[in-house]
$ cat my_file03.pdb   # PDB, C-alpha atoms
ATOM      1  CA  MET F   1      -4.668  83.857  16.939
ATOM      2  CA  SER F   2      -3.496  81.825  13.964
ATOM      3  CA  SER F   3      -1.162  83.605  11.532
ATOM      4  CA  SER F   4      -2.775  81.911   8.524
ATOM      5  CA  LEU F   5      -5.386  83.788   6.543
ATOM      6  CA  HIS F   6      -8.565  82.055   5.366
ATOM      7  CA  VAL F   7     -10.516  83.863   2.648
ATOM      8  CA  VAL F   8     -14.195  82.993   2.192
ATOM      9  CA  LEU F   9     -15.829  83.961  -1.108
ATOM     10  CA  GLY F  10     -19.572  84.452  -0.764
ATOM     11  CA  ALA F  11     -21.518  85.681   2.254
ATOM     12  CA  GLY F  12     -24.647  83.574   1.860
ATOM     13  CA  GLN F  13     -26.020  81.081   4.347
ATOM     14  CA  ILE F  14     -22.932  78.833   4.147
ATOM     15  CA  GLY F  15     -20.148  81.333   3.478
ATOM     16  CA  THR F  16     -21.111  83.459   6.459
ATOM     17  CA  ALA F  17     -21.226  80.397   8.703
ATOM     18  CA  VAL F  18     -17.808  79.232   7.479
ATOM     19  CA  ALA F  19     -16.294  82.643   8.219
ATOM     20  CA  ARG F  20     -17.776  82.662  11.717
ATOM     21  CA  PHE F  21     -16.652  79.075  12.393
ATOM     22  CA  LEU F  22     -13.052  79.799  11.368
ATOM     23  CA  ALA F  23     -12.876  83.063  13.312
ATOM     24  CA  GLU F  24     -14.177  81.363  16.460
ATOM     25  CA  ARG F  25     -11.256  78.948  16.157
ATOM     26  CA  GLY F  26      -8.679  81.680  16.082
ATOM     27  CA  HIS F  27      -7.999  82.032  12.375
ATOM     28  CA  ARG F  28      -7.656  85.296  10.536
ATOM     29  CA  VAL F  29     -10.646  85.460   8.217
ATOM     30  CA  ARG F  30     -11.588  87.663   5.282
ATOM     31  CA  LEU F  31     -15.158  87.399   3.963
ATOM     32  CA  VAL F  32     -15.650  88.603   0.393
ATOM     33  CA  ALA F  33     -19.077  89.384  -1.057
ATOM     34  CA  ARG F  34     -20.759  91.691  -3.541
ATOM     35  CA  SER F  35     -23.016  93.164  -0.862
ATOM     36  CA  GLY F  36     -22.595  94.181   2.737
ATOM     37  CA  GLY F  37     -23.814  92.346   5.793
ATOM     38  CA  ALA F  38     -23.765  92.221   9.555
ATOM     39  CA  ALA F  39     -20.404  92.422  11.281
ATOM     40  CA  ILE F  40     -18.915  89.141  12.502
ATOM     41  CA  PRO F  41     -16.378  89.340  15.347
ATOM     42  CA  GLY F  42     -12.882  88.648  14.077
ATOM     43  CA  VAL F  43     -13.878  88.710  10.396
ATOM     44  CA  GLU F  44     -12.665  91.292   7.902
ATOM     45  CA  ARG F  45     -15.278  92.078   5.276
ATOM     46  CA  VAL F  46     -14.366  93.069   1.714
ATOM     47  CA  ARG F  47     -16.966  94.145  -0.818
ATOM     48  CA  GLY F  48     -16.726  93.304  -4.507
ATOM     49  CA  SER F  49     -17.234  90.573  -7.106
ATOM     50  CA  VAL F  50     -14.680  87.831  -7.644
ATOM     51  CA  ALA F  51     -15.928  87.669 -11.250
ATOM     52  CA  ASP F  52     -13.428  90.537 -11.675
ATOM     53  CA  PRO F  53     -10.029  88.733 -11.916
ATOM     54  CA  ALA F  54      -8.034  91.714 -10.638
ATOM     55  CA  PHE F  55     -10.283  92.058  -7.600
ATOM     56  CA  ALA F  56     -10.211  88.278  -7.023
ATOM     57  CA  ALA F  57      -6.422  88.279  -6.913
ATOM     58  CA  GLU F  58      -6.269  91.278  -4.603
ATOM     59  CA  CYS F  59      -8.857  90.057  -2.106
ATOM     60  CA  ALA F  60      -7.027  86.732  -1.675
ATOM     61  CA  ARG F  61      -3.600  88.267  -1.111
ATOM     62  CA  GLY F  62      -1.821  86.396   1.701
ATOM     63  CA  ALA F  63      -4.379  83.583   1.938
ATOM     64  CA  GLU F  64      -3.489  80.034   2.897
ATOM     65  CA  VAL F  65      -6.953  78.707   2.023
ATOM     66  CA  VAL F  66      -9.694  80.122  -0.220
ATOM     67  CA  TYR F  67     -13.216  78.770   0.226
ATOM     68  CA  SER F  68     -15.608  79.329  -2.667
ATOM     69  CA  ALA F  69     -19.210  79.447  -1.453
ATOM     70  CA  THR F  70     -20.521  81.893  -4.028
ATOM     71  CA  ASN F  71     -23.927  81.404  -5.601
ATOM     72  CA  VAL F  72     -26.631  83.313  -7.458
ATOM     73  CA  PRO F  73     -30.338  82.652  -8.088
ATOM     74  CA  TYR F  74     -31.127  79.813 -10.492
ATOM     75  CA  ASP F  75     -32.157  82.070 -13.341
ATOM     76  CA  ARG F  76     -28.712  83.733 -13.349
ATOM     77  CA  TRP F  77     -26.607  80.555 -13.157
ATOM     78  CA  HIS F  78     -25.719  80.307 -16.846
ATOM     79  CA  ARG F  79     -24.616  83.938 -17.000
ATOM     80  CA  GLU F  80     -22.799  84.305 -13.704
ATOM     81  CA  LEU F  81     -21.553  81.036 -12.199
ATOM     82  CA  ALA F  82     -18.677  80.376 -14.607
ATOM     83  CA  PRO F  83     -17.058  83.816 -14.046
ATOM     84  CA  LEU F  84     -17.347  83.292 -10.290
ATOM     85  CA  VAL F  85     -15.607  79.911 -10.528
ATOM     86  CA  GLU F  86     -12.860  81.402 -12.707
ATOM     87  CA  GLY F  87     -12.479  84.187 -10.166
ATOM     88  CA  ALA F  88     -12.104  81.680  -7.338
ATOM     89  CA  ILE F  89      -9.370  79.880  -9.284
ATOM     90  CA  VAL F  90      -7.591  83.184  -9.918
ATOM     91  CA  ALA F  91      -7.890  84.137  -6.246
ATOM     92  CA  ALA F  92      -6.344  80.902  -4.965
ATOM     93  CA  LYS F  93      -3.710  80.731  -7.719
ATOM     94  CA  SER F  94      -2.522  84.280  -7.101
ATOM     95  CA  ALA F  95      -2.096  83.588  -3.386
ATOM     96  CA  GLY F  96      -0.667  80.104  -3.739
ATOM     97  CA  ALA F  97      -3.580  78.955  -1.576
ATOM     98  CA  ARG F  98      -5.632  75.797  -1.470
ATOM     99  CA  LEU F  99      -9.044  76.223  -3.091
ATOM    100  CA  VAL F 100     -12.051  74.508  -1.482
ATOM    101  CA  VAL F 101     -15.139  74.684  -3.694
ATOM    102  CA  LEU F 102     -18.629  73.998  -2.346
ATOM    103  CA  ASP F 103     -20.790  72.163  -4.878
ATOM    104  CA  ASN F 104     -24.071  70.268  -5.039
ATOM    105  CA  LEU F 105     -25.170  66.924  -6.510
ATOM    106  CA  TYR F 106     -26.792  68.107  -9.738
ATOM    107  CA  ALA F 107     -24.052  66.569 -11.895
ATOM    108  CA  PHE F 108     -25.418  63.098 -11.120
ATOM    109  CA  GLY F 109     -28.765  63.271 -12.856
ATOM    110  CA  ARG F 110     -31.151  60.330 -12.425
ATOM    111  CA  MET F 111     -29.617  57.549 -10.331
ATOM    112  CA  GLY F 112     -32.714  55.337  -9.995
ATOM    113  CA  GLY F 113     -32.268  55.153  -6.237
ATOM    114  CA  ALA F 114     -28.585  54.137  -6.344
ATOM    115  CA  PRO F 115     -26.337  56.006  -3.869
ATOM    116  CA  MET F 116     -24.374  58.929  -5.287
ATOM    117  CA  GLY F 117     -20.650  58.492  -4.643
ATOM    118  CA  PRO F 118     -17.873  61.016  -5.287
ATOM    119  CA  GLU F 119     -16.571  59.046  -8.271
ATOM    120  CA  GLY F 120     -19.809  59.285 -10.246
ATOM    121  CA  PRO F 121     -21.230  58.370 -12.713
ATOM    122  CA  PHE F 122     -21.854  61.969 -13.737
ATOM    123  CA  GLU F 123     -24.698  61.943 -16.243
ATOM    124  CA  PRO F 124     -26.727  65.108 -15.607
ATOM    125  CA  CYS F 125     -30.287  65.293 -16.857
ATOM    126  CA  SER F 126     -30.843  69.030 -16.353
ATOM    127  CA  ARG F 127     -29.339  72.211 -17.766
ATOM    128  CA  LYS F 128     -28.177  73.150 -14.302
ATOM    129  CA  GLY F 129     -26.621  69.729 -13.831
ATOM    130  CA  VAL F 130     -24.689  70.012 -17.093
ATOM    131  CA  LEU F 131     -23.367  73.391 -15.978
ATOM    132  CA  ARG F 132     -22.348  72.085 -12.549
ATOM    133  CA  LYS F 133     -20.518  69.169 -14.149
ATOM    134  CA  GLN F 134     -18.628  71.521 -16.470
ATOM    135  CA  LEU F 135     -17.645  73.820 -13.613
ATOM    136  CA  ALA F 136     -16.401  70.923 -11.486
ATOM    137  CA  GLU F 137     -14.372  69.659 -14.438
ATOM    138  CA  ARG F 138     -12.825  73.119 -14.812
ATOM    139  CA  VAL F 139     -11.783  73.175 -11.138
ATOM    140  CA  LEU F 140     -10.249  69.697 -11.300
ATOM    141  CA  ALA F 141      -8.539  70.486 -14.591
ATOM    142  CA  ALA F 142      -6.960  73.555 -12.979
ATOM    143  CA  HIS F 143      -5.690  71.344 -10.189
ATOM    144  CA  HIS F 144      -4.233  68.692 -12.470
ATOM    145  CA  ALA F 145      -2.632  71.356 -14.684
ATOM    146  CA  GLY F 146      -0.824  72.734 -11.644
ATOM    147  CA  GLU F 147      -2.695  76.053 -11.662
ATOM    148  CA  VAL F 148      -3.991  75.631  -8.138
ATOM    149  CA  GLU F 149      -4.366  73.028  -5.404
ATOM    150  CA  ALA F 150      -8.117  72.432  -5.422
ATOM    151  CA  VAL F 151     -10.703  70.231  -3.759
ATOM    152  CA  ILE F 152     -14.461  69.982  -4.356
ATOM    153  CA  ALA F 153     -16.913  69.364  -1.523
ATOM    154  CA  ARG F 154     -20.445  68.294  -2.372
ATOM    155  CA  ALA F 155     -23.536  68.386  -0.201
ATOM    156  CA  SER F 156     -27.160  67.437  -0.671
ATOM    157  CA  ASP F 157     -30.078  69.779   0.074
ATOM    158  CA  PHE F 158     -29.260  71.911   3.099
ATOM    159  CA  VAL F 159     -31.153  71.810   6.376
ATOM    160  CA  GLY F 160     -30.571  73.437   9.748
ATOM    161  CA  PRO F 161     -30.437  76.760  11.600
ATOM    162  CA  GLU F 162     -29.910  79.794   9.358
ATOM    163  CA  ILE F 163     -30.711  77.722   6.249
ATOM    164  CA  VAL F 164     -33.347  79.944   4.669
ATOM    165  CA  GLY F 165     -33.263  79.138   0.946
ATOM    166  CA  ALA F 166     -33.995  75.404   1.003
ATOM    167  CA  HIS F 167     -36.786  72.841   0.913
ATOM    168  CA  LEU F 168     -36.781  72.921   4.722
ATOM    169  CA  GLY F 169     -36.223  76.642   4.890
ATOM    170  CA  GLU F 170     -38.146  79.889   5.152
ATOM    171  CA  ARG F 171     -41.127  78.993   2.963
ATOM    172  CA  PHE F 172     -41.576  75.631   4.676
ATOM    173  CA  PHE F 173     -41.524  77.023   8.214
ATOM    174  CA  THR F 174     -43.664  80.080   7.576
ATOM    175  CA  ARG F 175     -46.296  77.798   6.076
ATOM    176  CA  VAL F 176     -46.331  75.035   8.691
ATOM    177  CA  LEU F 177     -46.234  77.464  11.616
ATOM    178  CA  ALA F 178     -49.250  79.218  10.090
ATOM    179  CA  GLY F 179     -51.128  75.917   9.795
ATOM    180  CA  SER F 180     -50.582  75.359   6.073
ATOM    181  CA  PRO F 181     -48.967  72.204   4.685
ATOM    182  CA  GLY F 182     -45.291  72.095   3.824
ATOM    183  CA  GLU F 183     -44.539  71.542   0.150
ATOM    184  CA  CYS F 184     -42.546  68.854  -1.625
ATOM    185  CA  LEU F 185     -41.507  68.787  -5.286
ATOM    186  CA  GLY F 186     -42.383  65.093  -5.575
ATOM    187  CA  ASP F 187     -43.037  62.006  -3.473
ATOM    188  CA  ALA F 188     -42.857  63.058   0.172
ATOM    189  CA  ASP F 189     -42.445  59.439   1.298
ATOM    190  CA  LEU F 190     -39.264  58.693  -0.655
ATOM    191  CA  PRO F 191     -35.941  58.757   1.239
ATOM    192  CA  HIS F 192     -34.151  61.990   0.429
ATOM    193  CA  ALA F 193     -30.744  62.963   1.797
ATOM    194  CA  PHE F 194     -30.360  66.317   3.547
ATOM    195  CA  THR F 195     -26.985  67.710   4.643
ATOM    196  CA  TYR F 196     -26.949  69.661   7.893
ATOM    197  CA  GLY F 197     -25.579  73.169   7.447
ATOM    198  CA  ARG F 198     -23.208  72.953  10.394
ATOM    199  CA  ASP F 199     -21.797  69.695   9.018
ATOM    200  CA  VAL F 200     -21.179  71.448   5.696
ATOM    201  CA  VAL F 201     -19.229  74.116   7.553
ATOM    202  CA  ARG F 202     -17.201  71.621   9.596
ATOM    203  CA  GLY F 203     -16.444  69.613   6.474
ATOM    204  CA  LEU F 204     -15.293  72.598   4.427
ATOM    205  CA  ALA F 205     -13.016  73.766   7.242
ATOM    206  CA  ALA F 206     -11.502  70.286   7.533
ATOM    207  CA  LEU F 207     -10.832  70.083   3.797
ATOM    208  CA  GLY F 208      -9.078  73.438   3.990
ATOM    209  CA  ARG F 209      -6.266  72.024   6.109
ATOM    210  CA  ALA F 210      -6.256  68.236   5.790
ATOM    211  CA  PRO F 211      -3.345  66.581   3.962
ATOM    212  CA  ASP F 212      -3.773  64.427   0.872
ATOM    213  CA  VAL F 213      -7.323  65.531   0.002
ATOM    214  CA  ALA F 214      -6.755  67.813  -3.002
ATOM    215  CA  GLY F 215      -7.563  66.945  -6.587
ATOM    216  CA  ARG F 216     -10.686  65.014  -5.586
ATOM    217  CA  ILE F 217     -14.398  65.345  -5.006
ATOM    218  CA  TRP F 218     -15.608  64.663  -1.465
ATOM    219  CA  HIS F 219     -19.141  64.173  -0.228
ATOM    220  CA  LEU F 220     -19.639  66.034   3.020
ATOM    221  CA  PRO F 221     -20.980  64.109   6.036
ATOM    222  CA  THR F 222     -24.668  63.436   5.449
ATOM    223  CA  LEU F 223     -27.124  61.403   7.488
ATOM    224  CA  GLU F 224     -28.907  58.365   6.123
ATOM    225  CA  ALA F 225     -31.736  59.596   3.912
ATOM    226  CA  ARG F 226     -35.154  60.183   5.447
ATOM    227  CA  SER F 227     -38.337  61.208   3.706
ATOM    228  CA  MET F 228     -39.668  64.744   3.643
ATOM    229  CA  ARG F 229     -42.642  63.471   5.602
ATOM    230  CA  ALA F 230     -40.371  62.011   8.292
ATOM    231  CA  TRP F 231     -38.584  65.338   8.591
ATOM    232  CA  GLY F 232     -41.898  67.165   8.776
ATOM    233  CA  GLU F 233     -43.240  64.904  11.495
ATOM    234  CA  ALA F 234     -40.068  65.191  13.577
ATOM    235  CA  LEU F 235     -39.934  68.970  13.223
ATOM    236  CA  GLY F 236     -43.641  69.188  13.989
ATOM    237  CA  ARG F 237     -43.180  67.348  17.283
ATOM    238  CA  GLU F 238     -40.510  69.830  18.313
ATOM    239  CA  LEU F 239     -42.562  72.811  17.164
ATOM    240  CA  GLY F 240     -45.789  71.539  18.694
ATOM    241  CA  VAL F 241     -47.667  71.655  15.393
ATOM    242  CA  ASP F 242     -49.184  69.052  13.097
ATOM    243  CA  VAL F 243     -47.037  69.244   9.974
ATOM    244  CA  ARG F 244     -48.667  68.056   6.785
ATOM    245  CA  ILE F 245     -46.788  67.666   3.505
ATOM    246  CA  THR F 246     -48.339  68.215   0.088
ATOM    247  CA  LYS F 247     -46.890  67.670  -3.359
ATOM    248  CA  LEU F 248     -46.310  70.861  -5.311
ATOM    249  CA  ALA F 249     -48.174  70.133  -8.530
ATOM    250  CA  GLY F 250     -46.341  70.350 -11.827
ATOM    251  CA  TRP F 251     -49.064  72.489 -13.363
ATOM    252  CA  LEU F 252     -48.664  74.990 -10.520
ATOM    253  CA  LEU F 253     -44.925  75.203 -11.152
ATOM    254  CA  ALA F 254     -45.640  75.753 -14.840
ATOM    255  CA  ILE F 255     -48.113  78.559 -14.187
ATOM    256  CA  ALA F 256     -46.006  80.218 -11.506
ATOM    257  CA  GLY F 257     -42.932  79.927 -13.700
ATOM    258  CA  VAL F 258     -44.445  82.294 -16.235
ATOM    259  CA  VAL F 259     -43.933  85.212 -13.865
ATOM    260  CA  VAL F 260     -41.539  83.862 -11.180
ATOM    261  CA  PRO F 261     -38.181  82.756 -12.650
ATOM    262  CA  ILE F 262     -37.178  80.635  -9.653
ATOM    263  CA  MET F 263     -40.352  78.544  -9.985
ATOM    264  CA  ARG F 264     -39.679  78.019 -13.688
ATOM    265  CA  GLU F 265     -36.167  76.805 -12.889
ATOM    266  CA  LEU F 266     -37.438  74.370 -10.254
ATOM    267  CA  ARG F 267     -39.365  72.302 -12.795
ATOM    268  CA  GLU F 268     -36.335  70.478 -14.177
ATOM    269  CA  MET F 269     -35.215  69.510 -10.650
ATOM    270  CA  THR F 270     -38.308  67.486  -9.758
ATOM    271  CA  TYR F 271     -36.502  64.298 -10.853
ATOM    272  CA  GLN F 272     -34.686  64.435  -7.501
ATOM    273  CA  TRP F 273     -37.988  63.542  -5.841
ATOM    274  CA  GLU F 274     -39.003  60.664  -8.146
ATOM    275  CA  ALA F 275     -36.676  58.027  -6.658
ATOM    276  CA  PRO F 276     -34.695  57.658  -3.423
ATOM    277  CA  TYR F 277     -32.043  60.371  -3.296
ATOM    278  CA  LEU F 278     -29.099  58.779  -1.508
ATOM    279  CA  VAL F 279     -25.583  60.005  -0.732
ATOM    280  CA  ASP F 280     -22.458  57.933  -0.134
ATOM    281  CA  ASP F 281     -20.227  59.954   2.197
ATOM    282  CA  SER F 282     -18.208  56.992   3.476
ATOM    283  CA  ALA F 283     -14.884  58.234   2.091
ATOM    284  CA  PHE F 284     -15.152  61.523   3.949
ATOM    285  CA  ARG F 285     -16.074  59.822   7.210
ATOM    286  CA  ARG F 286     -13.258  57.311   6.867
ATOM    287  CA  VAL F 287     -10.480  59.712   5.853
ATOM    288  CA  LEU F 288     -11.385  62.869   7.755
ATOM    289  CA  GLY F 289     -13.112  61.215  10.711
ATOM    290  CA  ILE F 290     -16.104  63.564  10.843
ATOM    291  CA  GLU F 291     -19.544  62.069  11.382
ATOM    292  CA  PRO F 292     -22.810  63.881  10.631
ATOM    293  CA  THR F 293     -24.693  65.451  13.506
ATOM    294  CA  PRO F 294     -27.286  63.006  14.936
ATOM    295  CA  PHE F 295     -30.790  63.400  13.530
ATOM    296  CA  ASP F 296     -32.466  64.295  16.827
ATOM    297  CA  GLU F 297     -29.919  67.052  17.418
ATOM    298  CA  GLN F 298     -30.444  68.422  13.911
ATOM    299  CA  VAL F 299     -34.206  68.463  14.443
ATOM    300  CA  ARG F 300     -34.044  70.156  17.853
ATOM    301  CA  ALA F 301     -31.680  72.888  16.706
ATOM    302  CA  THR F 302     -33.560  73.521  13.464
ATOM    303  CA  ALA F 303     -36.948  73.683  15.189
ATOM    304  CA  ALA F 304     -35.651  76.034  17.887
ATOM    305  CA  TRP F 305     -34.233  78.380  15.244
ATOM    306  CA  ALA F 306     -37.411  78.255  13.143
ATOM    307  CA  ARG F 307     -39.614  78.944  16.168
ATOM    308  CA  ALA F 308     -37.522  81.966  17.132
ATOM    309  CA  LYS F 309     -37.303  83.335  13.595
ATOM    310  CA  TYR F 310     -40.744  82.569  12.154
ATOM    311  CA  GLY F 311     -43.020  81.843  15.106
ATOM    312  CA  ALA F 312     -44.038  85.441  15.812
ATOM    313  CA  GLU F 313     -44.689  86.078  12.121
ATOM    314  CA  ALA F 314     -46.906  83.012  11.901
ATOM    315  CA  THR F 315     -48.850  84.085  15.002
ATOM    316  CA  ALA F 316     -49.410  87.539  13.533
ATOM    317  CA  ARG F 317     -50.665  86.084  10.258
ATOM    318  CA  ALA F 318     -53.081  83.804  12.083
ATOM    319  CA  ALA F 319     -54.473  86.736  14.031
TER     320      ALA F 319
END
$ encode --input "my_file03.pdb" --output "structure tokens"
Amino acid sequence: MSSSLHVVLGAGQIGTAVARFLAERGHRVRLVARSGGAAIPGVERVRGSVADPAFAAECARGAEVVYSATNVPYDRWHRELAPLVEGAIVAAKSAGARLVVLDNLYAFGRMGGAPMGPEGPFEPCSRKGVLRKQLAERVLAAHHAGEVEAVIARASDFVGPEIVGAHLGERFFTRVLAGSPGECLGDADLPHAFTYGRDVVRGLAALGRAPDVAGRIWHLPTLEARSMRAWGEALGRELGVDVRITKLAGWLLAIAGVVVPIMRELREMTYQWEAPYLVDDSAFRRVLGIEPTPFDEQVRATAAWARAKYGAEATARAA
């Protein structure tokens, strides 16, 4: 058992996986979240919100690395994300720990099909992108001011086992297993990068301990972009179903958004599906030596998980 303590903030689909991954490798792990959850062998669970600075400092006591994987639904981002980021900075600073922050690619805005690299340009075209850019700047400013040793890790849309809230997540699989088409926010034939959940976890863990990585943005290992239709066809072969993909119409998002906040928030993100959405992760591969999981392996594992989790439900609906 390692004597170092790793504190994971956020017990969502990535935070939980990070905690499990670290514990399986012999580290002491503390998982911090506002709500409870299933027990994970070797993981201490602490309940509370890191938006409270005093709690943030206490829950990180003794940590060598703090991983920030906190998130909230889209419609709460502008109220709640900034306090969570400040809390993560406080947590790591109080412990003298490295801070590893999980981020997305919204700060880039429209790239016209050019690959997104960790150095930018950062020209967001959405409210959520502007916020993400500001939060990343706050983390890097804290690093350069000597408040905390920090590193930012960015991933594209998640895919893989246990990835529920995603384009290739719960809604997609419940629909296709029931014989309905999967949905896409835009052109289903455009290349679109997806980052495998287990590669996100491996990458975050590596950034927690690697030398000479702090003070920078890193793009986590991500396969060459494939279209939503290509993903659907590959997953369909594994699942034994004919997967069709349909574009989610803008008017439907507008109507649904009147009563469903998450649908309203999705409208400004459709630009990500209007041109190839490409990620340059070459720096991460070169410096940290971690390659993304091969496509066929990602597809097999994701399909097996989806079949086990959603297959019975789909059969019951069909009956």
$ resolve_selection --input "my_file03.pdb" --expression "the PyMOL selection byres ((chain F and resi 149-151) around 6)" --output "number ranges by chain"
F: 98-100, 143, 148, 152, 214-216
$ closest_residue --input "my_file03.pdb" --among "F:Ala210, F:Ala107, F:Ala33, F:Leu102" --to "Ala155 in chain F" --atoms "all atoms listed in the file"
F:Leu102
$ closest_residue --input "my_file03.pdb" --among "F:Ala60, F:Leu31, F:Val176, F:Val66" --to "Val243 in chain F" --atoms "only C-alpha atoms"
F:Val176
$ resolve_selection --input "my_file03.pdb" --expression "the PyMOL selection byres ((chain F and resi 281-289) around 10)" --output "list in words"
Pro115, Met116, Gly117, Pro118, Ala153, Arg154, Ala155, Gly203, Ala206, Leu207, Ala210, Pro211, Asp212, Val213, Ile217, Trp218, His219, Leu220, Pro221, Thr222, Leu223, Glu224, Leu278, Val279, Asp280, Ile290, Glu291 and Pro292 of chain F
$ closest_residue --input "my_file03.pdb" --among "F:Pro191, F:Val43, F:Tyr310, F:Gly12" --to "Glu24 in chain F" --atoms "only C-alpha atoms"
F:Val43
$ atom_distance --input "my_file03.pdb" --atom1 "CA of Val32 in chain F" --atom2 "CA of Val46 in chain F"
4.8 Å
$ closest_residue --input "my_file03.pdb" --among "F:Ala23, F:Ile89, F:Val65, F:Ala275" --to "Ala141 in chain F" --atoms "only C-alpha atoms"
F:Ile89
